[in-house]
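Asks: Handing over work_13.cif, mmCIF, C-alpha atoms and all ligand atoms.
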data_target
#
loop_
_atom_site.label_atom_id
_atom_site.label_comp_id
_atom_site.auth_asym_id
_atom_site.auth_seq_id
_atom_site.Cartn_x
_atom_site.Cartn_y
_atom_site.Cartn_z
CA MET A 27 16.50 20.92 16.88
CA THR A 28 15.56 19.01 13.70
CA GLU A 29 13.22 20.95 11.42
CA PRO A 30 9.84 19.17 11.15
CA ILE A 31 8.77 17.59 7.87
CA ARG A 32 5.71 19.56 6.73
CA TRP A 33 2.92 17.33 5.42
CA GLY A 34 -0.09 18.08 3.28
CA ILE A 35 -2.96 15.59 3.29
CA ALA A 36 -5.03 15.33 0.11
CA ALA A 37 -8.58 14.02 0.80
CA THR A 38 -10.57 13.68 3.99
CA GLY A 39 -11.78 10.06 4.01
CA ASN A 40 -11.13 7.08 6.28
CA ILE A 41 -7.47 6.53 5.66
CA ALA A 42 -6.65 10.24 5.70
CA HIS A 43 -7.91 10.34 9.29
CA SER A 44 -5.90 7.27 10.29
CA PHE A 45 -2.76 8.64 8.67
CA ALA A 46 -3.14 11.95 10.50
CA GLU A 47 -3.25 9.96 13.76
CA GLY A 48 -0.04 8.24 12.70
CA LEU A 49 1.69 11.54 11.92
CA ALA A 50 0.68 12.88 15.33
CA GLN A 51 2.81 10.10 16.83
CA LEU A 52 5.97 11.21 15.02
CA PRO A 53 7.87 13.91 16.89
CA ASP A 54 9.24 15.49 13.71
CA ALA A 55 6.02 15.58 11.63
CA GLU A 56 3.80 18.59 11.17
CA ILE A 57 0.47 18.60 9.34
CA ALA A 58 0.83 21.95 7.60
CA ALA A 59 -2.26 21.84 5.36
CA VAL A 60 -5.09 19.67 4.12
CA GLY A 61 -6.94 19.65 0.80
CA SER A 62 -10.35 18.38 -0.23
CA ARG A 63 -12.90 18.77 -2.99
CA SER A 64 -14.94 20.68 -0.41
CA ALA A 65 -13.82 23.75 1.54
CA GLU A 66 -16.10 22.75 4.44
CA ARG A 67 -14.69 19.24 4.73
CA ALA A 68 -11.15 20.62 4.44
CA ALA A 69 -11.76 23.18 7.20
CA ALA A 70 -13.35 20.58 9.49
CA PHE A 71 -10.51 18.10 8.93
CA ALA A 72 -7.89 20.83 9.48
CA ALA A 73 -9.53 21.79 12.77
CA GLU A 74 -9.59 18.15 13.84
CA VAL A 75 -5.92 17.48 13.09
CA GLY A 76 -4.61 20.91 14.04
CA ALA A 77 -3.51 21.91 10.53
CA PRO A 78 -3.10 25.68 10.16
CA ARG A 79 -4.26 25.81 6.51
CA SER A 80 -7.05 24.13 4.54
CA TYR A 81 -8.01 24.25 0.87
CA GLY A 82 -11.25 23.45 -0.93
CA SER A 83 -9.30 22.21 -3.94
CA LEU A 84 -6.21 20.12 -4.46
CA ASP A 85 -4.77 22.93 -6.61
CA GLY A 86 -4.74 25.12 -3.52
CA LEU A 87 -2.87 22.51 -1.55
CA ALA A 88 -0.42 21.96 -4.42
CA ALA A 89 0.44 25.68 -4.50
CA ASP A 90 1.24 25.81 -0.76
CA ASP A 91 4.99 26.35 -0.49
CA GLY A 92 4.85 25.51 3.19
CA VAL A 93 4.28 21.84 2.34
CA ASP A 94 7.21 19.48 1.79
CA VAL A 95 5.40 16.23 1.07
CA VAL A 96 1.79 15.36 0.24
CA TYR A 97 -0.01 12.19 1.27
CA VAL A 98 -2.49 11.26 -1.49
CA ALA A 99 -5.50 9.52 0.08
CA SER A 100 -8.13 9.68 -2.67
CA PRO A 101 -9.75 6.53 -4.16
CA HIS A 102 -7.48 4.52 -6.49
CA SER A 103 -8.91 6.23 -9.59
CA GLY A 104 -7.62 9.60 -8.35
CA HIS A 105 -4.09 8.55 -7.42
CA ALA A 106 -2.40 9.23 -10.77
CA ALA A 107 -3.92 12.66 -11.44
CA ASP A 108 -3.52 13.81 -7.84
CA THR A 109 0.08 12.62 -7.59
CA LEU A 110 1.00 14.26 -10.90
CA LEU A 111 -0.57 17.53 -9.73
CA PHE A 112 1.57 17.58 -6.58
CA LEU A 113 4.76 16.46 -8.32
CA GLU A 114 4.31 19.14 -10.98
CA ALA A 115 4.02 21.70 -8.16
CA GLY A 116 7.35 20.48 -6.74
CA ARG A 117 6.03 18.48 -3.79
CA HIS A 118 7.28 15.07 -2.74
CA VAL A 119 4.48 12.46 -2.61
CA LEU A 120 3.46 9.43 -0.58
CA CYS A 121 0.58 7.87 -2.53
CA GLU A 122 -1.89 5.36 -1.10
CA LYS A 123 -1.93 1.76 -2.32
CA PRO A 124 -2.45 0.62 -5.00
CA MET A 125 -0.25 3.30 -6.53
CA ALA A 126 -2.68 3.69 -9.46
CA LEU A 127 -5.23 1.81 -11.58
CA ASN A 128 -2.64 0.18 -13.84
CA ARG A 129 1.03 -0.02 -14.71
CA LEU A 130 0.81 2.65 -17.39
CA GLU A 131 -0.41 5.21 -14.85
CA VAL A 132 2.25 4.14 -12.35
CA GLU A 133 4.98 4.53 -14.97
CA ARG A 134 3.81 8.08 -15.71
CA MET A 135 3.92 8.95 -12.02
CA VAL A 136 7.38 7.43 -11.60
CA ALA A 137 8.70 9.27 -14.67
CA ALA A 138 7.31 12.57 -13.36
CA ALA A 139 8.98 12.09 -9.97
CA ARG A 140 12.30 10.99 -11.46
CA SER A 141 12.46 13.80 -14.00
CA ARG A 142 11.97 16.36 -11.21
CA GLY A 143 14.21 14.67 -8.66
CA LEU A 144 11.30 14.37 -6.21
CA PHE A 145 10.54 11.63 -3.72
CA LEU A 146 7.67 9.25 -4.52
CA MET A 147 6.56 6.10 -2.73
CA GLU A 148 3.55 3.79 -2.75
CA ALA A 149 2.08 3.71 0.76
CA MET A 150 2.51 -0.07 1.15
CA TRP A 151 2.61 0.44 4.91
CA SER A 152 2.83 -3.27 5.80
CA ARG A 153 6.42 -3.44 4.50
CA PHE A 154 7.46 -1.12 7.30
CA LEU A 155 5.74 -3.08 10.08
CA PRO A 156 7.90 -5.29 12.32
CA ALA A 157 6.41 -8.59 11.04
CA TRP A 158 6.94 -7.95 7.32
CA LYS A 159 10.42 -6.54 8.03
CA LEU A 160 11.32 -9.67 9.98
CA ALA A 161 9.89 -11.96 7.29
CA HIS A 162 12.05 -10.18 4.73
CA GLU A 163 15.17 -10.46 6.93
CA VAL A 164 14.56 -14.16 7.61
CA VAL A 165 14.10 -15.00 3.94
CA THR A 166 16.84 -12.81 2.46
CA GLY A 167 19.21 -13.87 5.27
CA GLY A 168 18.86 -17.49 4.18
CA ARG A 169 17.44 -18.81 7.45
CA ILE A 170 14.83 -20.99 5.67
CA GLY A 171 17.14 -21.77 2.74
CA GLU A 172 16.06 -20.82 -0.76
CA PRO A 173 12.44 -19.65 -0.82
CA LEU A 174 10.35 -21.92 -3.05
CA VAL A 175 6.70 -20.96 -2.53
CA VAL A 176 4.98 -17.89 -1.07
CA GLU A 177 1.27 -18.33 -0.31
CA ALA A 178 -0.63 -15.25 0.82
CA ASP A 179 -4.19 -14.00 0.76
CA LEU A 180 -6.39 -11.27 2.15
CA GLY A 181 -10.17 -11.23 1.96
CA PHE A 182 -13.15 -9.81 3.83
CA ARG A 183 -16.89 -10.27 3.25
CA ARG A 184 -18.37 -6.83 2.57
CA PRO A 185 -22.02 -6.22 1.71
CA VAL A 186 -22.53 -5.41 -1.97
CA ASP A 187 -22.93 -1.63 -2.08
CA PRO A 188 -22.78 -0.06 -5.54
CA GLY A 189 -22.24 3.32 -3.85
CA HIS A 190 -19.08 2.20 -2.05
CA ARG A 191 -15.71 2.66 -3.76
CA LEU A 192 -14.93 -1.07 -3.40
CA PHE A 193 -17.84 -1.96 -5.71
CA ASP A 194 -17.57 1.05 -8.03
CA ARG A 195 -15.69 0.49 -11.30
CA ALA A 196 -15.37 4.26 -11.78
CA LEU A 197 -13.32 4.45 -8.56
CA GLY A 198 -11.16 1.41 -9.30
CA GLY A 199 -13.21 -1.02 -7.21
CA GLY A 200 -12.57 -4.73 -6.88
CA ALA A 201 -10.61 -7.24 -4.84
CA ALA A 202 -7.36 -7.25 -6.82
CA LEU A 203 -6.51 -3.58 -6.45
CA ASP A 204 -7.80 -3.01 -2.93
CA LEU A 205 -6.78 -6.17 -1.07
CA GLY A 206 -4.94 -8.30 -3.65
CA VAL A 207 -2.22 -5.70 -3.75
CA TYR A 208 -1.10 -6.86 -0.28
CA PRO A 209 -0.44 -10.56 -1.09
CA VAL A 210 1.00 -9.57 -4.48
CA SER A 211 3.32 -7.05 -2.84
CA PHE A 212 4.27 -9.58 -0.13
CA ALA A 213 5.20 -12.19 -2.75
CA SER A 214 7.17 -9.57 -4.67
CA PHE A 215 8.98 -8.49 -1.47
CA LEU A 216 10.32 -12.04 -1.04
CA LEU A 217 10.55 -13.43 -4.58
CA GLY A 218 10.86 -10.39 -6.86
CA ALA A 219 8.98 -9.92 -10.11
CA PRO A 220 7.17 -12.89 -11.68
CA ASP A 221 7.70 -13.84 -15.32
CA ALA A 222 4.23 -15.38 -15.80
CA VAL A 223 0.85 -14.94 -14.16
CA VAL A 224 -2.28 -17.10 -14.39
CA ALA A 225 -5.46 -16.13 -12.60
CA GLN A 226 -9.15 -16.87 -12.22
CA GLY A 227 -11.79 -14.75 -10.57
CA HIS A 228 -15.41 -13.83 -10.29
CA VAL A 229 -16.89 -10.55 -11.47
CA GLY A 230 -19.96 -9.50 -9.49
CA GLU A 231 -23.08 -7.57 -10.38
CA THR A 232 -21.39 -4.16 -10.15
CA GLY A 233 -18.72 -5.17 -12.66
CA VAL A 234 -15.76 -5.50 -10.29
CA ASP A 235 -13.78 -8.61 -9.30
CA GLU A 236 -15.21 -9.87 -6.02
CA GLN A 237 -12.65 -12.64 -5.64
CA PHE A 238 -9.60 -13.92 -7.47
CA ALA A 239 -6.79 -16.41 -7.09
CA ALA A 240 -3.54 -16.30 -9.02
CA VAL A 241 -0.32 -18.23 -9.44
CA LEU A 242 2.81 -16.17 -10.08
CA HIS A 243 5.75 -17.98 -11.65
CA HIS A 244 9.27 -16.62 -11.14
CA PRO A 245 12.39 -17.05 -13.29
CA GLY A 246 13.99 -19.44 -10.77
CA GLY A 247 10.86 -21.60 -10.62
CA GLN A 248 9.56 -20.10 -7.37
CA LEU A 249 5.81 -19.71 -7.08
CA GLY A 250 3.59 -17.09 -5.52
CA VAL A 251 0.08 -18.36 -4.78
CA VAL A 252 -2.06 -15.34 -3.98
CA ALA A 253 -5.73 -14.51 -3.54
CA GLY A 254 -7.96 -11.60 -2.58
CA ALA A 255 -11.66 -11.09 -1.97
CA ILE A 256 -14.18 -8.43 -1.03
CA ARG A 257 -17.10 -10.91 -0.69
CA ALA A 258 -15.37 -13.80 1.13
CA TRP A 259 -13.51 -14.13 4.39
CA LEU A 260 -10.17 -15.65 3.42
CA GLY A 261 -7.61 -16.97 5.89
CA SER A 262 -5.72 -13.70 5.35
CA THR A 263 -2.39 -15.26 6.37
CA ALA A 264 0.91 -15.98 4.63
CA ARG A 265 3.17 -19.02 4.42
CA VAL A 266 6.66 -19.06 2.98
CA THR A 267 8.26 -22.43 2.28
CA GLY A 268 11.99 -22.69 1.73
CA THR A 269 14.41 -25.51 1.06
CA ASP A 270 15.38 -25.69 4.76
CA GLY A 271 12.43 -24.29 6.66
CA TRP A 272 9.32 -22.18 6.65
CA LEU A 273 7.78 -19.00 7.95
CA ARG A 274 4.15 -18.08 8.71
CA LEU A 275 2.36 -14.80 9.26
CA PRO A 276 -0.99 -14.88 11.05
CA ALA A 277 -4.11 -12.93 10.09
CA LEU A 278 -4.42 -10.26 9.19
CA LEU A 279 -1.79 -10.43 6.49
CA HIS A 280 -1.44 -6.66 6.21
CA GLN A 281 -0.90 -6.15 9.96
CA PRO A 282 0.37 -9.36 11.60
CA GLU A 283 1.73 -9.20 15.11
CA HIS A 284 3.92 -12.28 15.26
CA VAL A 285 5.99 -14.46 12.96
CA ASP A 286 6.35 -18.24 13.28
CA ILE A 287 9.59 -19.70 11.94
CA GLY A 288 10.35 -23.40 11.66
CA ASP A 289 13.00 -25.69 10.22
CA GLU A 290 13.18 -29.17 8.77
CA ALA A 291 14.59 -30.58 12.03
CA GLY A 292 11.39 -29.67 13.89
CA GLY A 293 12.65 -26.42 15.39
CA ARG A 294 9.95 -23.82 16.06
CA GLU A 295 10.14 -20.20 17.12
CA ARG A 296 7.46 -17.55 17.54
CA VAL A 297 8.72 -13.98 17.38
CA GLU A 298 6.28 -11.38 18.69
CA THR A 299 6.11 -8.33 16.42
CA PRO A 300 3.63 -5.96 18.08
CA ILE A 301 2.55 -2.84 16.20
CA GLU A 302 3.10 -0.07 18.70
CA GLY A 303 1.02 3.03 18.04
CA GLN A 304 -0.75 3.78 14.75
CA GLY A 305 0.56 1.33 12.14
CA LEU A 306 0.64 3.92 9.36
CA ARG A 307 3.30 5.92 11.21
CA PHE A 308 6.03 3.42 10.23
CA GLN A 309 5.80 4.27 6.53
CA ALA A 310 5.71 8.00 7.36
CA ALA A 311 8.91 7.55 9.38
CA GLU A 312 10.47 5.95 6.28
CA VAL A 313 9.46 9.00 4.21
CA HIS A 314 11.14 11.23 6.78
CA ARG A 315 14.28 9.09 6.75
CA CYS A 316 14.46 9.19 2.95
CA LEU A 317 13.81 12.93 2.69
CA ARG A 318 16.43 13.73 5.31
CA ALA A 319 18.93 11.45 3.52
CA GLY A 320 18.17 13.08 0.15
CA LEU A 321 16.72 9.87 -1.28
CA THR A 322 14.06 10.12 -3.99
CA GLU A 323 12.77 6.61 -3.41
CA SER A 324 12.72 4.10 -0.59
CA PRO A 325 14.94 1.03 -0.90
CA VAL A 326 12.21 -0.88 0.96
CA MET A 327 9.46 0.02 -1.52
CA PRO A 328 11.34 0.90 -4.71
CA LEU A 329 9.51 2.47 -7.63
CA ASP A 330 10.53 -0.21 -10.13
CA GLU A 331 8.94 -2.75 -7.82
CA THR A 332 5.75 -0.70 -7.55
CA CYS A 333 5.66 -0.76 -11.39
CA SER A 334 6.10 -4.52 -11.40
CA VAL A 335 3.39 -5.06 -8.76
CA ALA A 336 1.04 -2.91 -10.85
CA GLY A 337 1.89 -5.08 -13.88
CA THR A 338 1.03 -8.23 -11.93
CA LEU A 339 -2.31 -6.70 -10.90
CA ASP A 340 -2.92 -5.78 -14.56
CA ALA A 341 -2.34 -9.41 -15.57
CA ILE A 342 -4.73 -10.65 -12.86
CA ARG A 343 -7.46 -8.21 -13.92
CA ALA A 344 -6.96 -9.09 -17.59
CA ALA A 345 -7.44 -12.78 -16.81
CA VAL A 346 -10.48 -12.10 -14.63
CA GLY A 347 -12.01 -9.67 -17.14
CA VAL A 348 -12.16 -6.33 -15.32
CA THR A 349 -11.30 -3.03 -16.97
CA TYR A 350 -11.76 0.49 -15.68
CA PRO A 351 -13.32 3.42 -17.55
CA GLY A 352 -10.76 4.90 -19.91
CA GLU A 353 -8.56 1.80 -20.08
N1 LIG B 1 -3.23 1.61 4.01
C1 LIG B 1 -4.41 1.19 4.39
O1 LIG B 1 -4.57 0.46 5.35
C2 LIG B 1 -5.61 1.65 3.65
C3 LIG B 1 -6.85 1.47 4.21
C4 LIG B 1 -7.96 1.99 3.56
C5 LIG B 1 -7.79 2.61 2.34
N2 LIG B 1 -6.57 2.73 1.78
C6 LIG B 1 -6.41 3.38 0.47
O2 LIG B 1 -6.70 4.76 0.62
C7 LIG B 1 -7.46 5.23 -0.48
C8 LIG B 1 -8.72 5.88 0.05
O3 LIG B 1 -9.48 4.93 0.78
P1 LIG B 1 -10.51 5.37 1.94
O4 LIG B 1 -10.96 4.11 2.55
O5 LIG B 1 -9.95 6.43 2.78
O6 LIG B 1 -11.70 5.95 1.03
P2 LIG B 1 -12.81 6.99 1.44
O7 LIG B 1 -13.13 6.90 2.89
O8 LIG B 1 -13.91 6.85 0.45
O9 LIG B 1 -12.10 8.40 1.23
C9 LIG B 1 -11.62 8.83 -0.01
C10 LIG B 1 -11.57 10.33 -0.02
O10 LIG B 1 -11.06 10.72 -1.29
C11 LIG B 1 -11.66 11.96 -1.70
N3 LIG B 1 -12.15 11.78 -3.07
C12 LIG B 1 -11.60 12.33 -4.16
N4 LIG B 1 -12.28 11.98 -5.26
C13 LIG B 1 -13.30 11.19 -4.85
C14 LIG B 1 -14.34 10.53 -5.53
N5 LIG B 1 -14.50 10.61 -6.85
N6 LIG B 1 -15.21 9.81 -4.80
C15 LIG B 1 -15.08 9.70 -3.48
N7 LIG B 1 -14.09 10.31 -2.77
C16 LIG B 1 -13.21 11.06 -3.46
C17 LIG B 1 -12.75 12.26 -0.69
O11 LIG B 1 -12.28 13.32 0.11
P3 LIG B 1 -12.80 14.81 -0.20
O12 LIG B 1 -14.27 14.69 -0.36
O13 LIG B 1 -12.36 15.54 1.00
O14 LIG B 1 -12.13 15.27 -1.45
C18 LIG B 1 -12.91 11.01 0.12
O15 LIG B 1 -13.24 11.27 1.45
C19 LIG B 1 -7.70 4.02 -1.40
O16 LIG B 1 -6.83 4.07 -2.49
C20 LIG B 1 -7.39 2.82 -0.53
O17 LIG B 1 -6.78 1.75 -1.24
C21 LIG B 1 -5.48 2.28 2.42
#
Could you express the structure from this file as structure tokens?
Replies:
Amino acid sequence: MTEPIRWGIAATGNIAHSFAEGLAQLPDAEIAAVGSRSAERAAAFAAEVGAPRSYGSLDGLAADDGVDVVYVASPHSGHAADTLLFLEAGRHVLCEKPMALNRLEVERMVAAARSRGLFLMEAMWSRFLPAWKLAHEVVTGGRIGEPLVVEADLGFRRPVDPGHRLFDRALGGGAALDLGVYPVSFASFLLGAPDAVVAQGHVGETGVDEQFAAVLHHPGGQLGVVAGAIRAWLGSTARVTGTDGWLRLPALLHQPEHVDIGDEAGGRERVETPIEGQGLRFQAAEVHRCLRAGLTESPVMPLDETCSVAGTLDAIRAAVGVTYPGE
């Protein structure tokens, strides 16, 4: 029988709960331990997910030799420090999106993983869903010719709440990092790294970007046209236009369940891409695959690309005028 991969989960918030549900759907995953800033929350979460050990500090979790890989599920502002803590303790890490507040932090995390020969991946879960995988295959396989333009956006209207991480500068709030990372990562998945970025946005009363739009120019002339919002419902779809055809993803961009493909001759095809089970389990399965194959990064979400995506988000924030404490 295959040995299970032993997970640690760092933090006890919304996404940590969803991820634990996803792990429960993988036959070879075990939640070995959880960590929190609070011993009570850690114990309650461990009881809920059936983890045998819980820690009231992340240091405790880091020191647990019965953990192979840690899932970092703190707010964006905690990703770099938490990931470095676990890497320094010899654990592999899957870190929530966006990988960190800025490119500099991401580069430090990547260097730490590489120097120790440990696995590290940004939890850009959508790349492992059937729709994004198919979009990538269609475009890289040449079915719509050369891709020329990728348009993608994701935006919800949330009430302004200075106490919520989305509106809190200290926690890395704002549209670009939380939701903009999806259209930026989608454009990067299909077009690679841009060589120029222009952006506009609006900074709200709590000091974070509530909406932005950006144009990403690529060395071959391809364009990414991306937007994100936390105070506006956007279409939250994607369109890819190539020399010989096109492709569309329906809302919601980060979890679409079909792909429409068309060509210049009027051909149309809809491919259903249902997400079976908890959507976060697909990225966890990729972590398992990589660890079992001895890979220290995923070819689907490579670390150099995570650095480049962080650089694009930096350029968008610089244009919009948002900085985080300590930057
Ligand atoms: N992939 C996705 O679909 C998806 C969806 C939502 C969020 N996310 C990502 O996951 C991360 C967490 O988001 P979330 O929605 O789960 O947030 P959340 O509900 O606020 O949970 C964050 C958790 O982080 C811990 N934490 C550590 N330092 C904290 C601090 N200074 N303030 C508040 N909490 C702190 C807390 O757990 P303890 O108190 O136990 O330490 C808290 O419960 C974000 O980076 C976000 O981008 C991804």
Asks: Please give me, as an MDAnalysis selection string, the residues lying within 6 Å of ligand LIG 1 (chain B) when counting only C-alpha atoms and all ligand atoms.
Replies: chainID A and resid 37:42 62:64 67 99:102 122:124 204
Asks: Rounded to one decimal place, report the CA of Leu180 in chain A-CA of Leu49 in chain A distance in Å.
Replies: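 Pair CA of Leu180 in chain A / CA of Leu49 in chain A returns 26.1 Å.
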Asks: Could you give me, as number ranges by chain, the residues within 12 Å of Arg343 in chain A, counting only C-alpha atoms and dropping anything in the same chain fewer than 4 positions from it?
Replies: A: 127-129, 198-203, 206-207, 223-229, 233-240, 254, 336-339, 347-350, 353
Asks: Pick the closest to Phe212 in chain A from A:Met147, A:Ala255, A:Leu111, A:Thr332: which is it, counting all atoms listed in the file?
Replies: A:Thr332
Asks: Can you tell me, as a list in words, what residues are no more than 6 Å from range 260-262 of chain A when counting all atoms listed in the file, ignoring any on the same chain fewer than 2 positions away?
Replies: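 So, after excluding close chain neighbours, the residues are Asp179, Leu180, Gly181, Ala258, Ala277, Leu278 and Leu279 of chain A.
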Asks: Using only C-alpha atoms, determine which residues lie at most 10 Å from range 161-167 of chain A, disregarding the query and same-chain residues fewer than 5 positions distant; provide the list as a JSON list (two decimals) with C-alpha atoms, in the coordinates of the input.
Replies:
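Written output follows (part_35.json):
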[["chain", "number", "residue", "atom", "x", "y", "z"],
["A", 153, "ARG", "CA", 6.42, -3.44, 4.50],
["A", 156, "PRO", "CA", 7.90, -5.29, 12.32],
["A", 172, "GLU", "CA", 16.06, -20.82, -0.76],
["A", 173, "PRO", "CA", 12.44, -19.65, -0.82],
["A", 212, "PHE", "CA", 4.27, -9.58, -0.13],
["A", 215, "PHE", "CA", 8.98, -8.49, -1.47],
["A", 216, "LEU", "CA", 10.32, -12.04, -1.04],
["A", 217, "LEU", "CA", 10.55, -13.43, -4.58],
["A", 266, "VAL", "CA", 6.66, -19.06, 2.98],
["A", 267, "THR", "CA", 8.26, -22.43, 2.28],
["A", 268, "GLY", "CA", 11.99, -22.69, 1.73],
["A", 271, "GLY", "CA", 12.43, -24.29, 6.66],
["A", 272, "TRP", "CA", 9.32, -22.18, 6.65],
["A", 273, "LEU", "CA", 7.78, -19.00, 7.95],
["A", 274, "ARG", "CA", 4.15, -18.08, 8.71],
["A", 275, "LEU", "CA", 2.36, -14.80, 9.26],
["A", 284, "HIS", "CA", 3.92, -12.28, 15.26],
["A", 285, "VAL", "CA", 5.99, -14.46, 12.96],
["A", 286, "ASP", "CA", 6.35, -18.24, 13.28],
["A", 287, "ILE", "CA", 9.59, -19.70, 11.94]]
Asks: Do you know which residues are at most 10 Å from range 296-306 of chain A counting all atoms listed in the file, after dropping those on the same chain fewer than 4 positions away, and could you put them as a PyMOL selection string?
Replies: chain A and resi 41+44-51+149-152+154-160+273-274+281-288+310-311
Asks: Go through A:Gly320, A:His243, A:Phe308, A:Thr109 and flag the residue nearest Glu133 in chain A, using all atoms listed in the file for the distances.
Replies: A:Thr109
Asks: Expressed in Å to a single decimal, how great is the separation between CA of Ala178 in chain A and CA of Val335 in chain A?
Replies: 14.6 Å
Asks: Determine the nearest neighbour of Asp194 in chain A from the options A:Ala68, A:Ala253, A:Val175, A:Thr232, counting all atoms listed in the file.
Replies: A:Thr232
Asks: For the atom pair CA of Cys121 in chain A and CA of Pro209 in chain A, what is the interatomic distance in Å to one decimal place?
Replies: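 Distance reported for this atom pair: 18.5 Å.
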Asks: Can you pull out every residue within 10 Å of Ala139 in chain A, counting all atoms listed in the file, but drop anything in the same chain fewer than 2 positions away, and send it as a list in words?
Replies: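 Once the nearby chain positions are removed, what remains is Thr109, Leu110, Phe112, Leu113, Glu114, Gly116, Arg117, His118, Val119, Glu133, Arg134, Met135, Val136, Ala137, Ser141, Arg142, Gly143, Leu144, Phe145, Leu146, Met147, Thr322, Glu323 and Leu329 of chain A.
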Asks: Measuring atom to atom with only C-alpha atoms, identify which of A:Tyr208, A:Leu321, A:Ala291, A:Leu174 is nearest to Val252 in chain A.
Replies: A:Tyr208
Asks: Using all atoms listed in the file, which residue out of A:Gly230, A:Gly247, A:Pro30, A:Gly293 lies closest to Val93 in chain A?
Replies: A:Pro30
